[in-house]
file input_23.txt (compact mmCIF, C-alpha atoms and all ligand atoms)
# COMPACT_ATOMS: atom_id res chain seq x y z
CA MET Z 2 0.00 0.00 0.00
CA ASN Z 3 2.75 2.47 0.92
CA GLU Z 4 4.82 3.52 -2.04
CA ILE Z 5 7.13 6.53 -2.30
CA TRP Z 6 7.48 8.37 -5.61
CA ASN Z 7 10.84 10.01 -4.97
CA LEU Z 8 12.83 8.03 -2.42
CA GLU Z 9 15.86 10.29 -2.64
CA TYR Z 10 14.05 13.47 -1.57
CA GLU Z 11 11.10 12.14 0.40
CA THR Z 12 13.32 10.13 2.75
CA MET Z 13 16.34 12.46 2.86
CA GLY Z 14 18.16 12.88 6.19
CA ARG Z 15 17.10 16.05 8.03
CA ASP Z 16 20.62 17.58 8.08
CA GLU Z 17 21.07 17.05 4.40
CA LEU Z 18 17.59 18.45 3.76
CA ARG Z 19 18.30 21.59 5.78
CA ALA Z 20 21.55 22.18 3.90
CA LEU Z 21 19.66 21.86 0.61
CA GLN Z 22 16.94 24.23 1.85
CA LEU Z 23 19.49 26.89 2.80
CA GLN Z 24 21.26 26.65 -0.52
CA ARG Z 25 17.97 26.93 -2.44
CA LEU Z 26 16.70 29.72 -0.19
CA GLN Z 27 19.80 31.83 -0.84
CA MET Z 28 19.44 31.20 -4.56
CA THR Z 29 15.77 32.18 -4.61
CA LEU Z 30 16.42 35.30 -2.50
CA ARG Z 31 19.02 36.53 -4.97
CA TRP Z 32 16.73 35.65 -7.89
CA SER Z 33 13.79 37.54 -6.39
CA TYR Z 34 15.85 40.57 -5.34
CA LYS Z 35 17.31 40.90 -8.81
CA ASN Z 36 14.13 40.34 -10.82
CA VAL Z 37 11.14 41.53 -8.79
CA PRO Z 38 11.16 45.22 -7.82
CA PHE Z 39 8.47 44.50 -5.19
CA TYR Z 40 10.88 42.31 -3.21
CA LYS Z 41 13.89 44.59 -3.71
CA ASP Z 42 11.97 47.62 -2.43
CA LYS Z 43 10.47 45.74 0.49
CA TRP Z 44 13.74 44.18 1.63
CA ASP Z 45 15.73 47.40 1.10
CA GLY Z 46 13.12 49.10 3.28
CA ALA Z 47 13.63 46.45 5.97
CA GLY Z 48 17.43 46.81 5.73
CA LEU Z 49 17.84 43.27 4.47
CA HIS Z 50 20.10 42.11 1.64
CA PRO Z 51 19.96 38.51 0.33
CA ASP Z 52 23.59 38.02 1.40
CA ASP Z 53 22.55 38.66 5.03
CA VAL Z 54 20.71 35.32 5.11
CA ARG Z 55 23.46 32.92 6.15
CA SER Z 56 21.47 30.25 7.97
CA LEU Z 57 17.88 29.06 8.14
CA ASP Z 58 17.59 30.93 11.44
CA ASP Z 59 17.84 34.17 9.44
CA LEU Z 60 14.59 33.30 7.67
CA SER Z 61 12.53 35.24 10.22
CA ARG Z 62 14.31 38.45 9.15
CA ILE Z 63 12.59 38.28 5.75
CA PRO Z 64 9.36 40.31 5.64
CA PHE Z 65 6.10 38.41 5.10
CA THR Z 66 4.26 38.35 1.78
CA VAL Z 67 0.46 38.53 2.01
CA LYS Z 68 -2.51 38.08 -0.30
CA GLU Z 69 -2.89 41.84 -0.63
CA ASP Z 70 0.60 42.01 -2.19
CA PHE Z 71 -0.63 39.74 -4.99
CA ARG Z 72 -3.73 41.89 -5.49
CA LYS Z 73 -1.69 45.08 -5.71
CA ALA Z 74 0.70 43.41 -8.14
CA TYR Z 75 -2.16 42.53 -10.52
CA PRO Z 76 -1.55 41.15 -13.03
CA TYR Z 77 2.19 40.64 -13.53
CA ASP Z 78 4.17 42.72 -11.06
CA LEU Z 79 5.35 39.74 -9.01
CA PHE Z 80 6.65 37.91 -12.08
CA ALA Z 81 10.42 37.40 -12.11
CA VAL Z 82 10.65 36.43 -15.77
CA PRO Z 83 9.46 38.05 -19.00
CA LEU Z 84 6.20 36.68 -20.41
CA GLU Z 85 7.97 34.88 -23.22
CA ARG Z 86 9.37 32.49 -20.62
CA VAL Z 87 5.94 31.90 -19.06
CA VAL Z 88 4.09 28.91 -20.51
CA ARG Z 89 1.02 28.82 -18.21
CA ILE Z 90 -1.04 31.37 -16.34
CA HIS Z 91 -3.53 30.58 -13.59
CA SER Z 92 -5.54 32.83 -11.34
CA SER Z 93 -8.09 32.91 -8.58
CA THR Z 94 -11.65 33.64 -9.62
CA GLY Z 95 -11.57 36.93 -7.73
CA THR Z 96 -15.30 37.38 -7.27
CA THR Z 97 -14.87 39.87 -4.44
CA ALA Z 98 -11.54 41.55 -5.20
CA ARG Z 99 -8.84 41.70 -7.83
CA PRO Z 100 -7.81 38.17 -8.76
CA ILE Z 101 -4.46 36.66 -7.87
CA VAL Z 102 -2.44 35.89 -10.98
CA VAL Z 103 0.43 33.42 -11.13
CA GLY Z 104 2.62 32.12 -13.95
CA TYR Z 105 4.73 29.05 -14.55
CA THR Z 106 7.85 28.56 -16.66
CA ARG Z 107 8.47 25.23 -18.33
CA GLY Z 108 10.71 24.41 -15.35
CA ASP Z 109 7.97 25.34 -12.89
CA LEU Z 110 5.48 23.03 -14.62
CA ASN Z 111 8.03 20.24 -14.43
CA THR Z 112 8.46 20.79 -10.68
CA TRP Z 113 4.71 21.02 -10.20
CA ALA Z 114 4.11 17.66 -11.91
CA GLU Z 115 6.88 16.06 -9.83
CA LEU Z 116 5.43 17.31 -6.54
CA CYS Z 117 1.87 16.34 -7.47
CA ALA Z 118 3.21 12.90 -8.49
CA ARG Z 119 4.51 12.50 -4.94
CA VAL Z 120 1.17 13.58 -3.46
CA VAL Z 121 -1.01 11.30 -5.60
CA THR Z 122 1.34 8.36 -5.00
CA ALA Z 123 1.21 8.94 -1.24
CA GLY Z 124 -2.60 9.06 -1.52
CA GLY Z 125 -2.65 5.64 -3.19
CA ALA Z 126 -2.71 6.31 -6.97
CA ARG Z 127 -0.63 3.96 -9.14
CA PRO Z 128 0.46 3.80 -12.81
CA HIS Z 129 -2.28 1.26 -13.65
CA ASP Z 130 -5.06 3.50 -12.33
CA VAL Z 131 -7.77 5.27 -14.30
CA ALA Z 132 -8.09 8.70 -12.69
CA GLN Z 133 -11.16 10.87 -13.13
CA VAL Z 134 -10.43 14.51 -12.38
CA ALA Z 135 -13.69 16.21 -11.37
CA PHE Z 136 -12.21 19.56 -10.42
CA GLY Z 137 -13.12 22.43 -12.73
CA TYR Z 138 -10.64 22.81 -15.59
CA GLY Z 139 -10.22 26.52 -15.76
CA LEU Z 140 -8.30 29.37 -14.24
CA GLN Z 141 -7.88 27.64 -10.89
CA THR Z 142 -4.93 25.40 -10.16
CA GLY Z 143 -6.60 22.25 -8.77
CA ALA Z 144 -7.46 20.30 -11.90
CA PHE Z 145 -4.34 21.05 -13.94
CA GLY Z 146 -2.00 20.49 -11.00
CA LEU Z 147 -3.21 17.03 -10.02
CA HIS Z 148 -3.76 16.14 -13.68
CA GLY Z 149 -0.03 16.77 -14.25
CA GLY Z 150 0.96 14.61 -11.28
CA LEU Z 151 -1.28 11.73 -12.31
CA GLU Z 152 0.06 11.81 -15.85
CA ARG Z 153 3.60 11.91 -14.48
CA ILE Z 154 3.10 8.64 -12.58
CA GLY Z 155 1.58 7.05 -15.69
CA ALA Z 156 -2.07 6.85 -14.68
CA SER Z 157 -4.75 7.16 -17.40
CA VAL Z 158 -6.25 10.57 -16.72
CA ILE Z 159 -9.84 11.47 -17.60
CA PRO Z 160 -10.30 15.28 -17.55
CA ALA Z 161 -14.00 15.02 -16.67
CA SER Z 162 -14.07 18.49 -15.10
CA THR Z 163 -16.85 19.38 -12.71
CA GLY Z 164 -20.64 19.22 -12.96
CA ASN Z 165 -23.02 16.97 -14.91
CA THR Z 166 -23.00 14.48 -12.10
CA ARG Z 167 -25.03 11.84 -13.90
CA ARG Z 168 -22.42 11.80 -16.68
CA GLN Z 169 -19.63 11.61 -14.08
CA LEU Z 170 -21.21 8.42 -12.78
CA THR Z 171 -21.62 6.95 -16.25
CA ILE Z 172 -17.96 7.67 -17.00
CA MET Z 173 -17.00 6.21 -13.65
CA ARG Z 174 -18.83 2.98 -14.43
CA ASP Z 175 -18.08 2.59 -18.15
CA TYR Z 176 -14.45 3.79 -18.17
CA LYS Z 177 -13.74 1.80 -15.00
CA THR Z 178 -12.47 4.74 -12.97
CA THR Z 179 -10.35 3.69 -9.99
CA VAL Z 180 -9.24 7.12 -8.67
CA LEU Z 181 -11.62 10.03 -8.09
CA VAL Z 182 -10.19 13.56 -7.76
CA CYS Z 183 -12.48 16.38 -6.54
CA THR Z 184 -13.52 18.45 -3.55
CA PRO Z 185 -14.94 16.45 -0.61
CA SER Z 186 -18.25 18.34 -1.01
CA TYR Z 187 -18.53 17.22 -4.59
CA ALA Z 188 -17.61 13.65 -3.67
CA LEU Z 189 -20.51 13.68 -1.25
CA TYR Z 190 -22.84 15.02 -3.91
CA ILE Z 191 -21.69 12.32 -6.35
CA ALA Z 192 -22.34 9.64 -3.72
CA GLU Z 193 -25.80 11.02 -3.07
CA THR Z 194 -26.64 11.23 -6.78
CA ALA Z 195 -25.43 7.66 -7.25
CA ALA Z 196 -27.83 6.49 -4.56
CA ASP Z 197 -30.72 8.44 -6.14
CA LEU Z 198 -30.07 6.98 -9.58
CA GLY Z 199 -29.73 3.48 -8.20
CA PHE Z 200 -26.04 3.11 -9.02
CA ASP Z 201 -24.52 0.25 -7.11
CA TRP Z 202 -21.07 1.13 -5.73
CA GLY Z 203 -20.36 -2.58 -5.93
CA GLU Z 204 -20.30 -2.39 -9.74
CA LEU Z 205 -17.97 0.63 -9.71
CA ASN Z 206 -14.20 0.25 -9.37
CA VAL Z 207 -13.27 3.41 -7.50
CA ARG Z 208 -10.83 2.55 -4.71
CA VAL Z 209 -8.97 5.82 -4.08
CA GLY Z 210 -10.32 9.34 -3.45
CA LEU Z 211 -7.95 12.30 -3.67
CA PHE Z 212 -9.98 15.06 -2.08
CA GLY Z 213 -8.82 18.62 -1.51
CA ALA Z 214 -9.25 22.35 -2.15
CA GLU Z 215 -11.42 22.88 0.95
CA SER Z 216 -11.34 22.14 4.68
CA TRP Z 217 -12.90 18.84 5.70
CA THR Z 218 -12.91 16.76 8.84
CA ASN Z 219 -11.95 13.16 9.60
CA ASN Z 220 -15.61 12.50 10.33
CA LEU Z 221 -16.51 13.44 6.76
CA ARG Z 222 -13.63 11.26 5.54
CA GLN Z 223 -15.11 8.24 7.32
CA GLU Z 224 -18.52 8.98 5.88
CA LEU Z 225 -17.16 9.23 2.31
CA GLU Z 226 -15.09 6.08 2.72
CA LYS Z 227 -18.12 4.21 3.98
CA ARG Z 228 -20.48 5.44 1.28
CA MET Z 229 -18.09 5.04 -1.64
CA GLY Z 230 -16.01 2.05 -0.51
CA LEU Z 231 -12.70 3.80 -1.09
CA THR Z 232 -9.73 5.15 0.83
CA ALA Z 233 -9.80 8.95 0.92
CA SER Z 234 -6.80 11.20 1.43
CA ASP Z 235 -6.37 14.93 1.81
CA ASN Z 236 -3.96 17.11 -0.13
CA TYR Z 237 -3.18 20.77 0.20
CA GLY Z 238 -1.98 23.71 -1.80
CA LEU Z 239 -2.77 27.27 -2.68
CA THR Z 240 -2.45 29.29 -5.84
CA GLU Z 241 -0.09 31.94 -4.44
CA VAL Z 242 2.48 29.30 -3.47
CA MET Z 243 2.04 26.86 -6.39
CA GLY Z 244 -1.37 25.15 -6.28
CA PRO Z 245 -1.81 21.52 -5.16
CA GLY Z 246 1.42 19.62 -4.52
CA ILE Z 247 2.60 21.46 -1.44
CA SER Z 248 1.58 18.61 0.85
CA GLY Z 249 -0.49 15.44 1.00
CA GLU Z 250 -1.37 12.55 3.29
CA CYS Z 251 0.44 9.21 3.27
CA PRO Z 252 -1.46 5.95 4.01
CA LEU Z 253 -1.13 6.59 7.78
CA LYS Z 254 -3.25 9.76 7.41
CA ASP Z 255 -1.58 11.31 10.42
CA GLY Z 256 -0.81 14.70 8.91
CA LEU Z 257 0.11 15.94 5.43
CA HIS Z 258 3.75 15.55 4.35
CA ILE Z 259 5.18 18.84 3.11
CA ASN Z 260 7.51 18.76 0.11
CA GLU Z 261 10.20 20.51 2.13
CA ASP Z 262 12.93 20.30 -0.49
CA HIS Z 263 10.79 22.86 -2.40
CA PHE Z 264 9.04 24.72 0.43
CA ILE Z 265 10.13 25.84 3.87
CA VAL Z 266 7.24 25.73 6.32
CA GLU Z 267 6.90 27.94 9.38
CA VAL Z 268 4.06 28.29 11.86
CA VAL Z 269 3.43 31.75 13.27
CA ASP Z 270 1.08 33.34 15.74
CA PRO Z 271 -1.65 34.83 13.51
CA VAL Z 272 -1.74 38.01 15.60
CA THR Z 273 1.91 38.74 16.40
CA GLY Z 274 3.54 37.00 13.43
CA GLU Z 275 6.10 35.41 15.80
CA ASN Z 276 7.17 31.79 15.20
CA VAL Z 277 5.49 29.33 17.58
CA PRO Z 278 7.08 26.10 18.98
CA GLU Z 279 6.79 22.78 17.12
CA GLY Z 280 3.37 21.19 17.66
CA THR Z 281 1.62 24.46 18.48
CA GLU Z 282 -1.24 25.53 16.24
CA GLY Z 283 -0.75 28.73 14.29
CA GLU Z 284 -0.83 30.14 10.77
CA LEU Z 285 1.10 28.25 8.09
CA VAL Z 286 3.74 30.31 6.27
CA PHE Z 287 5.52 28.98 3.18
CA SER Z 288 8.63 30.05 1.31
CA ALA Z 289 8.99 28.54 -2.15
CA LEU Z 290 12.58 27.52 -2.85
CA THR Z 291 12.63 26.62 -6.53
CA LYS Z 292 10.02 28.72 -8.32
CA GLU Z 293 11.19 30.67 -11.35
CA ALA Z 294 8.22 32.68 -12.65
CA VAL Z 295 6.61 33.81 -9.38
CA PRO Z 296 8.94 33.30 -6.43
CA VAL Z 297 7.23 33.79 -3.09
CA LEU Z 298 8.88 34.24 0.29
CA ARG Z 299 7.24 33.80 3.69
CA TYR Z 300 3.71 33.76 2.34
CA ARG Z 301 1.06 33.98 5.05
CA THR Z 302 -1.57 31.46 4.06
CA GLY Z 303 -4.31 32.28 6.57
CA ASP Z 304 -4.55 28.51 7.17
CA LEU Z 305 -4.35 27.27 10.75
CA ALA Z 306 -2.49 24.05 11.58
CA SER Z 307 0.43 22.70 13.58
CA VAL Z 308 3.59 21.08 12.20
CA THR Z 309 5.67 18.14 13.42
CA PHE Z 310 9.18 17.24 12.25
CA ARG Z 311 9.02 13.79 13.87
CA PRO Z 312 9.68 10.95 11.41
CA CYS Z 313 6.59 9.13 10.12
CA ALA Z 314 6.20 5.34 10.13
CA CYS Z 315 5.69 5.46 6.35
CA GLY Z 316 9.42 6.17 5.93
CA ARG Z 317 9.12 9.75 4.72
CA THR Z 318 11.30 12.20 6.63
CA LEU Z 319 9.34 15.23 5.40
CA ALA Z 320 7.58 17.30 8.07
CA ARG Z 321 3.81 17.00 8.44
CA HIS Z 322 1.14 19.58 9.12
CA THR Z 323 -2.23 18.72 10.62
CA LYS Z 324 -5.31 18.82 8.40
CA VAL Z 325 -6.30 22.43 7.85
CA TYR Z 326 -9.66 22.73 9.60
CA ALA Z 327 -9.70 26.43 9.74
CA ARG Z 328 -8.70 29.35 7.59
CA THR Z 329 -8.44 32.72 9.24
CA ASP Z 330 -10.60 33.85 6.28
CA ASP Z 331 -13.34 31.32 7.15
CA MET Z 332 -13.58 32.33 10.78
CA ILE Z 333 -16.84 33.94 11.76
CA ILE Z 334 -17.34 35.91 14.94
CA VAL Z 335 -20.67 35.32 16.63
CA ARG Z 336 -21.36 37.42 19.71
CA GLY Z 337 -17.63 37.82 20.19
CA VAL Z 338 -16.83 34.11 19.90
CA ASN Z 339 -14.65 32.74 17.09
CA VAL Z 340 -16.40 29.96 15.19
CA PHE Z 341 -15.10 27.85 12.32
CA PRO Z 342 -17.53 25.99 10.00
CA SER Z 343 -15.39 22.85 10.37
CA GLN Z 344 -16.24 22.76 14.12
CA VAL Z 345 -19.92 22.69 13.20
CA GLU Z 346 -19.29 19.91 10.69
CA ASP Z 347 -17.42 17.89 13.31
CA VAL Z 348 -20.29 18.05 15.80
CA LEU Z 349 -23.00 17.32 13.25
CA MET Z 350 -21.24 14.33 11.73
CA ASP Z 351 -21.02 12.82 15.17
CA ILE Z 352 -24.79 12.79 15.67
CA GLU Z 353 -26.73 9.77 14.50
CA GLY Z 354 -29.29 10.46 11.79
CA ILE Z 355 -27.83 13.73 10.54
CA GLU Z 356 -26.86 14.07 6.89
CA PRO Z 357 -23.47 15.68 6.14
CA HIS Z 358 -25.13 18.76 4.63
CA PHE Z 359 -25.52 21.99 6.54
CA GLN Z 360 -25.46 25.73 6.15
CA ILE Z 361 -24.86 28.49 8.67
CA LEU Z 362 -27.05 31.60 8.40
CA LEU Z 363 -26.00 34.73 10.25
CA ASP Z 364 -28.36 37.62 10.95
CA ARG Z 365 -28.41 40.56 13.28
CA LYS Z 366 -31.47 40.98 15.46
CA GLY Z 367 -31.09 44.38 17.11
CA PRO Z 368 -27.67 44.42 18.75
CA MET Z 369 -27.44 40.61 18.81
CA ASP Z 370 -25.99 38.22 16.26
CA GLU Z 371 -28.24 35.32 15.47
CA MET Z 372 -26.76 32.11 14.17
CA VAL Z 373 -29.02 29.50 12.61
CA VAL Z 374 -27.65 26.15 11.52
CA GLN Z 375 -29.76 24.43 8.90
CA VAL Z 376 -29.23 20.71 9.16
CA GLU Z 377 -30.53 17.92 6.96
CA VAL Z 378 -31.81 14.78 8.67
CA GLU Z 379 -32.33 11.33 7.23
CA PRO Z 380 -35.96 10.72 6.21
CA ALA Z 381 -36.22 7.75 8.58
CA VAL Z 382 -35.42 9.86 11.62
CA PHE Z 383 -37.33 12.97 10.58
CA PRO Z 384 -39.67 12.96 13.53
CA ASP Z 385 -43.37 13.20 12.80
CA ALA Z 386 -44.41 14.48 16.14
CA MET Z 387 -43.68 18.11 16.86
CA ARG Z 388 -42.45 17.34 20.33
CA GLN Z 389 -39.84 14.87 19.07
CA LEU Z 390 -38.68 17.36 16.48
CA VAL Z 391 -38.19 20.06 19.09
CA GLU Z 392 -36.36 17.65 21.40
CA PHE Z 393 -34.01 16.58 18.64
CA GLU Z 394 -33.28 20.22 17.74
CA ARG Z 395 -32.53 21.02 21.40
CA HIS Z 396 -30.17 18.04 21.54
CA VAL Z 397 -28.22 19.27 18.50
CA GLU Z 398 -28.18 22.82 19.88
CA ASP Z 399 -26.72 21.59 23.17
CA ARG Z 400 -24.00 19.63 21.43
CA LEU Z 401 -23.09 22.64 19.29
CA GLN Z 402 -22.98 24.92 22.30
CA GLU Z 403 -20.58 22.55 24.09
CA GLU Z 404 -18.18 22.67 21.15
CA LEU Z 405 -18.56 26.27 20.00
CA GLY Z 406 -19.14 28.05 23.29
CA VAL Z 407 -21.99 29.99 21.75
CA ARG Z 408 -25.68 29.17 21.30
CA ALA Z 409 -26.93 28.55 17.78
CA ARG Z 410 -30.49 27.84 16.73
CA VAL Z 411 -30.84 24.56 14.87
CA LYS Z 412 -33.38 24.13 12.15
CA LEU Z 413 -33.94 20.62 10.88
CA VAL Z 414 -34.73 20.43 7.21
CA GLU Z 415 -35.58 17.66 4.82
CA PRO Z 416 -32.90 16.09 2.63
CA LYS Z 417 -31.80 18.12 -0.44
CA THR Z 418 -32.86 21.45 1.10
CA VAL Z 419 -29.31 22.76 1.56
CA PRO Z 420 -27.71 23.80 -1.76
CA ARG Z 421 -25.26 21.28 -3.28
CA HIS Z 422 -21.90 22.25 -4.75
CA THR Z 423 -19.83 20.80 -7.54
CA GLY Z 424 -16.77 22.73 -6.32
CA LYS Z 425 -16.14 24.25 -2.92
CA ALA Z 426 -19.11 24.28 -0.57
CA ARG Z 427 -20.52 27.60 0.59
CA ARG Z 428 -21.08 26.91 4.27
CA VAL Z 429 -21.83 30.39 5.61
CA ILE Z 430 -24.37 32.98 4.52
CA ASP Z 431 -23.63 36.16 6.46
CA ARG Z 432 -26.47 38.67 6.21
CA ARG Z 433 -25.40 40.84 9.13
CA SER Z 434 -24.04 43.84 7.25
ZN ZN P 501 3.86 9.31 6.42

call {"tool": "encode", "arguments": {"input": "input_23.txt", "output": "structure tokens", "more": "lines below"}}
Ligand SMILES: [Zn+2]
result
Amino acid sequence: MNEIWNLEYETMGRDELRALQLQRLQMTLRWSYKNVPFYKDKWDGAGLHPDDVRSLDDLSRIPFTVKEDFRKAYPYDLFAVPLERVVRIHSSTGTTARPIVVGYTRGDLNTWAELCARVVTAGGARPHDVAQVAFGYGLQTGAFGLHGGLERIGASVIPASTGNTRRQLTIMRDYKTTVLVCTPSYALYIAETAADLGFDWGELNVRVGLFGAESWTNNLRQELEKRMGLTASDNYGLTEVMGPGISGECPLKDGLHINEDHFIVEVVDPVTGENVPEGTEGELVFSALTKEAVPVLRYRTGDLASVTFRPCACGRTLARHTKVYARTDDMIIVRGVNVFPSQVEDVLMDIEGIEPHFQILLDRKGPMDEMVVQVEVEPAVFPDAMRQLVEFERHVEDRLQEELGVRARVKLVEPKTVPRHTGKARRVIDRRS
């Protein structure tokens, strides 16, 4: 079951790895300083020259890069190479603000495929697999990134893209798909549609799910594995740093291995920006070590996790971060209490009879925030008697309050009431402003 794509780098000794990281960091600092005025100006302003970084301990002297820097640089101001050397451009959809634009040289695409090859191999994909990629093929990085990795290992890749769920299932059955690649929300929707259409998972061949691009809990993993009869792994990445391929789970599923020969990971206090000790939760910060087109140093991801450098029983020596349950961007504040949608998911999935579909509605009633959690329940347990219904709602409200520290009103709804998503789920509707 455990197979390692690149033994040399994924099982490298820590001392050797750190020496390689320093060498690549110094190279990328000089490259960025010379070719990207944004970095030169910023570092000059901070009194830092690339030659001042002599050990990995000097990393913390480098100023952070944040999402806003990408927005201000729209479209090409963070590019370190002329456009004739760029062979691919991706961007965020940017529905609320200026999009984030990134480019890749031929060398960058080669690195990207290599790193995604490691991630899909760790997740269980093999050369003989038929892999159906049900991420949207478009501006975003998810589909193309994992597609490249799957092709690199020699799998037969089906670029199904997202949507048309009935056709996805037909492809899955007729083309004998063994690996499914999509968001966990879409996987759930596919499973539900399969049940509605009377598809028998027994006649499908899917054995591996590579699910990513949104936060999801271990409870949802168990649910998907049970419904679809596969082994599901998480992988992580973000457009600003590269896209998927930054990290992924091995068969032990005890954290996501970070491709540290290409990225240095740090964990910082989200408020002070100071590094926190190993094992402490904080905001993930990545420095890319080998990117040519859009180098990025100390990028603050807004994703909360902790990191361990302890060796893993799978044989990989690469550090692991915990599953990202919470993004600082996702956090909602209800009556002064910080709440993450993943906490709500965790509680709900633990309660018998509740379907893994929910939505959080936020309103303001006078000076007070009101939080309503719409929850789907299985038809069999949808209580007929009003009294039972109210009791069940109270029970769910109590459980949520224990976990969240704030009271939410629970509204039970019939299956298929909460909107379904073929990409990332929209968990929160905030109508307070
Ligand atoms: Zn491992």

call {"tool": "residues_near_ligand", "arguments": {"input": "input_23.txt", "ligand": "ligand ZN 501 (chain P)", "cutoff": "6 Å", "atoms": "only C-alpha atoms and all ligand atoms", "output": "list in words"}}
result
Cys251, Leu253, Cys313, Ala314, Cys315 and Arg317 of chain Z

call {"tool": "closest_residue", "arguments": {"input": "input_23.txt", "among": "Z:Leu84, Z:Met387, Z:Leu298, Z:Val378", "to": "Ser61 of chain Z", "atoms": "only C-alpha atoms"}}
result
Z:Leu298

call {"tool": "closest_residue", "arguments": {"input": "input_23.txt", "among": "Z:Gly244, Z:Pro380, Z:Pro83, Z:Gly256", "to": "Gly149 of chain Z", "atoms": "all atoms listed in the file"}}
result
Z:Gly244

call {"tool": "residues_near_point", "arguments": {"input": "input_23.txt", "point": "(-2.3, 37.5, 2.6)", "cutoff": "8 Å", "atoms": "all atoms listed in the file", "output": "list in words"}}
result
Thr66, Val67, Lys68, Glu69, Asp70, Tyr300, Arg301, Thr302 and Gly303 of chain Z

call {"tool": "residues_around", "arguments": {"input": "input_23.txt", "residues": "Val182 of chain Z", "least_positions_apart": "4", "cutoff": "9 Å", "atoms": "all atoms listed in the file", "output": "VMD selection string"}}
result
chain Z and resid 132 to 136 144 147 188 209 to 213

call {"tool": "write_last_selection", "arguments": {"input": "input_23.txt", "atoms": "C-alpha atoms", "output": "PDB file, keeping the file's coordinate frame"}}
result
ATOM      1  CA  ALA Z 132      -8.090   8.700 -12.690  1.00  0.00           C
ATOM      2  CA  GLN Z 133     -11.160  10.870 -13.130  1.00  0.00           C
ATOM      3  CA  VAL Z 134     -10.430  14.510 -12.380  1.00  0.00           C
ATOM      4  CA  ALA Z 135     -13.690  16.210 -11.370  1.00  0.00           C
ATOM      5  CA  PHE Z 136     -12.210  19.560 -10.420  1.00  0.00           C
ATOM      6  CA  ALA Z 144      -7.460  20.300 -11.900  1.00  0.00           C
ATOM      7  CA  LEU Z 147      -3.210  17.030 -10.020  1.00  0.00           C
ATOM      8  CA  ALA Z 188     -17.610  13.650  -3.670  1.00  0.00           C
ATOM      9  CA  VAL Z 209      -8.970   5.820  -4.080  1.00  0.00           C
ATOM     10  CA  GLY Z 210     -10.320   9.340  -3.450  1.00  0.00           C
ATOM     11  CA  LEU Z 211      -7.950  12.300  -3.670  1.00  0.00           C
ATOM     12  CA  PHE Z 212      -9.980  15.060  -2.080  1.00  0.00           C
ATOM     13  CA  GLY Z 213      -8.820  18.620  -1.510  1.00  0.00           C
TER      14      GLY Z 213
END

call {"tool": "atom_distance", "arguments": {"input": "input_23.txt", "atom1": "atom CA of Arg127 of chain Z", "atom2": "atom CA of Gly150 of chain Z"}}
result
11.0 Å

call {"tool": "residues_near_point", "arguments": {"input": "input_23.txt", "point": "(0.2, 9.1, -15.1)", "cutoff": "9 Å", "atoms": "only C-alpha atoms", "output": "PyMOL selection string"}}
result
chain Z and resi 118+127-132+148-158

call {"tool": "closest_residue", "arguments": {"input": "input_23.txt", "among": "Z:Val88, Z:Gln360, Z:Thr423, Z:Ile430", "to": "Pro185 of chain Z", "atoms": "only C-alpha atoms"}}
result
Z:Thr423

call {"tool": "closest_residue", "arguments": {"input": "input_23.txt", "among": "Z:Gln27, Z:Thr179, Z:Thr329, Z:Asn219", "to": "Glu204 of chain Z", "atoms": "only C-alpha atoms"}}
result
Z:Thr179

call {"tool": "closest_residue", "arguments": {"input": "input_23.txt", "among": "Z:Thr29, Z:Thr418, Z:Thr171, Z:Thr12", "to": "His258 of chain Z", "atoms": "only C-alpha atoms"}}
result
Z:Thr12

call {"tool": "atom_distance", "arguments": {"input": "input_23.txt", "atom1": "atom CA of Leu285 of chain Z", "atom2": "atom CA of Val242 of chain Z"}}
result
11.7 Å

call {"tool": "closest_residue", "arguments": {"input": "input_23.txt", "among": "Z:Pro76, Z:Gly125, Z:Gly203, Z:Gly164", "to": "Tyr190 of chain Z", "atoms": "only C-alpha atoms"}}
result
Z:Gly164

call {"tool": "atom_distance", "arguments": {"input": "input_23.txt", "atom1": "atom CA of Ala81 of chain Z", "atom2": "atom CA of Lys41 of chain Z"}}
result
11.6 Å

call {"tool": "residues_around", "arguments": {"input": "input_23.txt", "residues": "Thr178 of chain Z", "least_positions_apart": "3", "cutoff": "9 Å", "atoms": "only C-alpha atoms", "output": "list in words"}}
result
Asp130, Val131, Ala132, Gln133, Ile159, Ile172, Met173, Arg174, Asp175, Leu181, Leu205, Asn206, Val207 and Arg208 of chain Z

call {"tool": "write_last_selection", "arguments": {"input": "input_23.txt", "atoms": "C-alpha atoms", "output": "PDB file, keeping the file's coordinate frame"}}
result
ATOM      1  CA  ASP Z 130      -5.060   3.500 -12.330  1.00  0.00           C
ATOM      2  CA  VAL Z 131      -7.770   5.270 -14.300  1.00  0.00           C
ATOM      3  CA  ALA Z 132      -8.090   8.700 -12.690  1.00  0.00           C
ATOM      4  CA  GLN Z 133     -11.160  10.870 -13.130  1.00  0.00           C
ATOM      5  CA  ILE Z 159      -9.840  11.470 -17.600  1.00  0.00           C
ATOM      6  CA  ILE Z 172     -17.960   7.670 -17.000  1.00  0.00           C
ATOM      7  CA  MET Z 173     -17.000   6.210 -13.650  1.00  0.00           C
ATOM      8  CA  ARG Z 174     -18.830   2.980 -14.430  1.00  0.00           C
ATOM      9  CA  ASP Z 175     -18.080   2.590 -18.150  1.00  0.00           C
ATOM     10  CA  LEU Z 181     -11.620  10.030  -8.090  1.00  0.00           C
ATOM     11  CA  LEU Z 205     -17.970   0.630  -9.710  1.00  0.00           C
ATOM     12  CA  ASN Z 206     -14.200   0.250  -9.370  1.00  0.00           C
ATOM     13  CA  VAL Z 207     -13.270   3.410  -7.500  1.00  0.00           C
ATOM     14  CA  ARG Z 208     -10.830   2.550  -4.710  1.00  0.00           C
TER      15      ARG Z 208
END
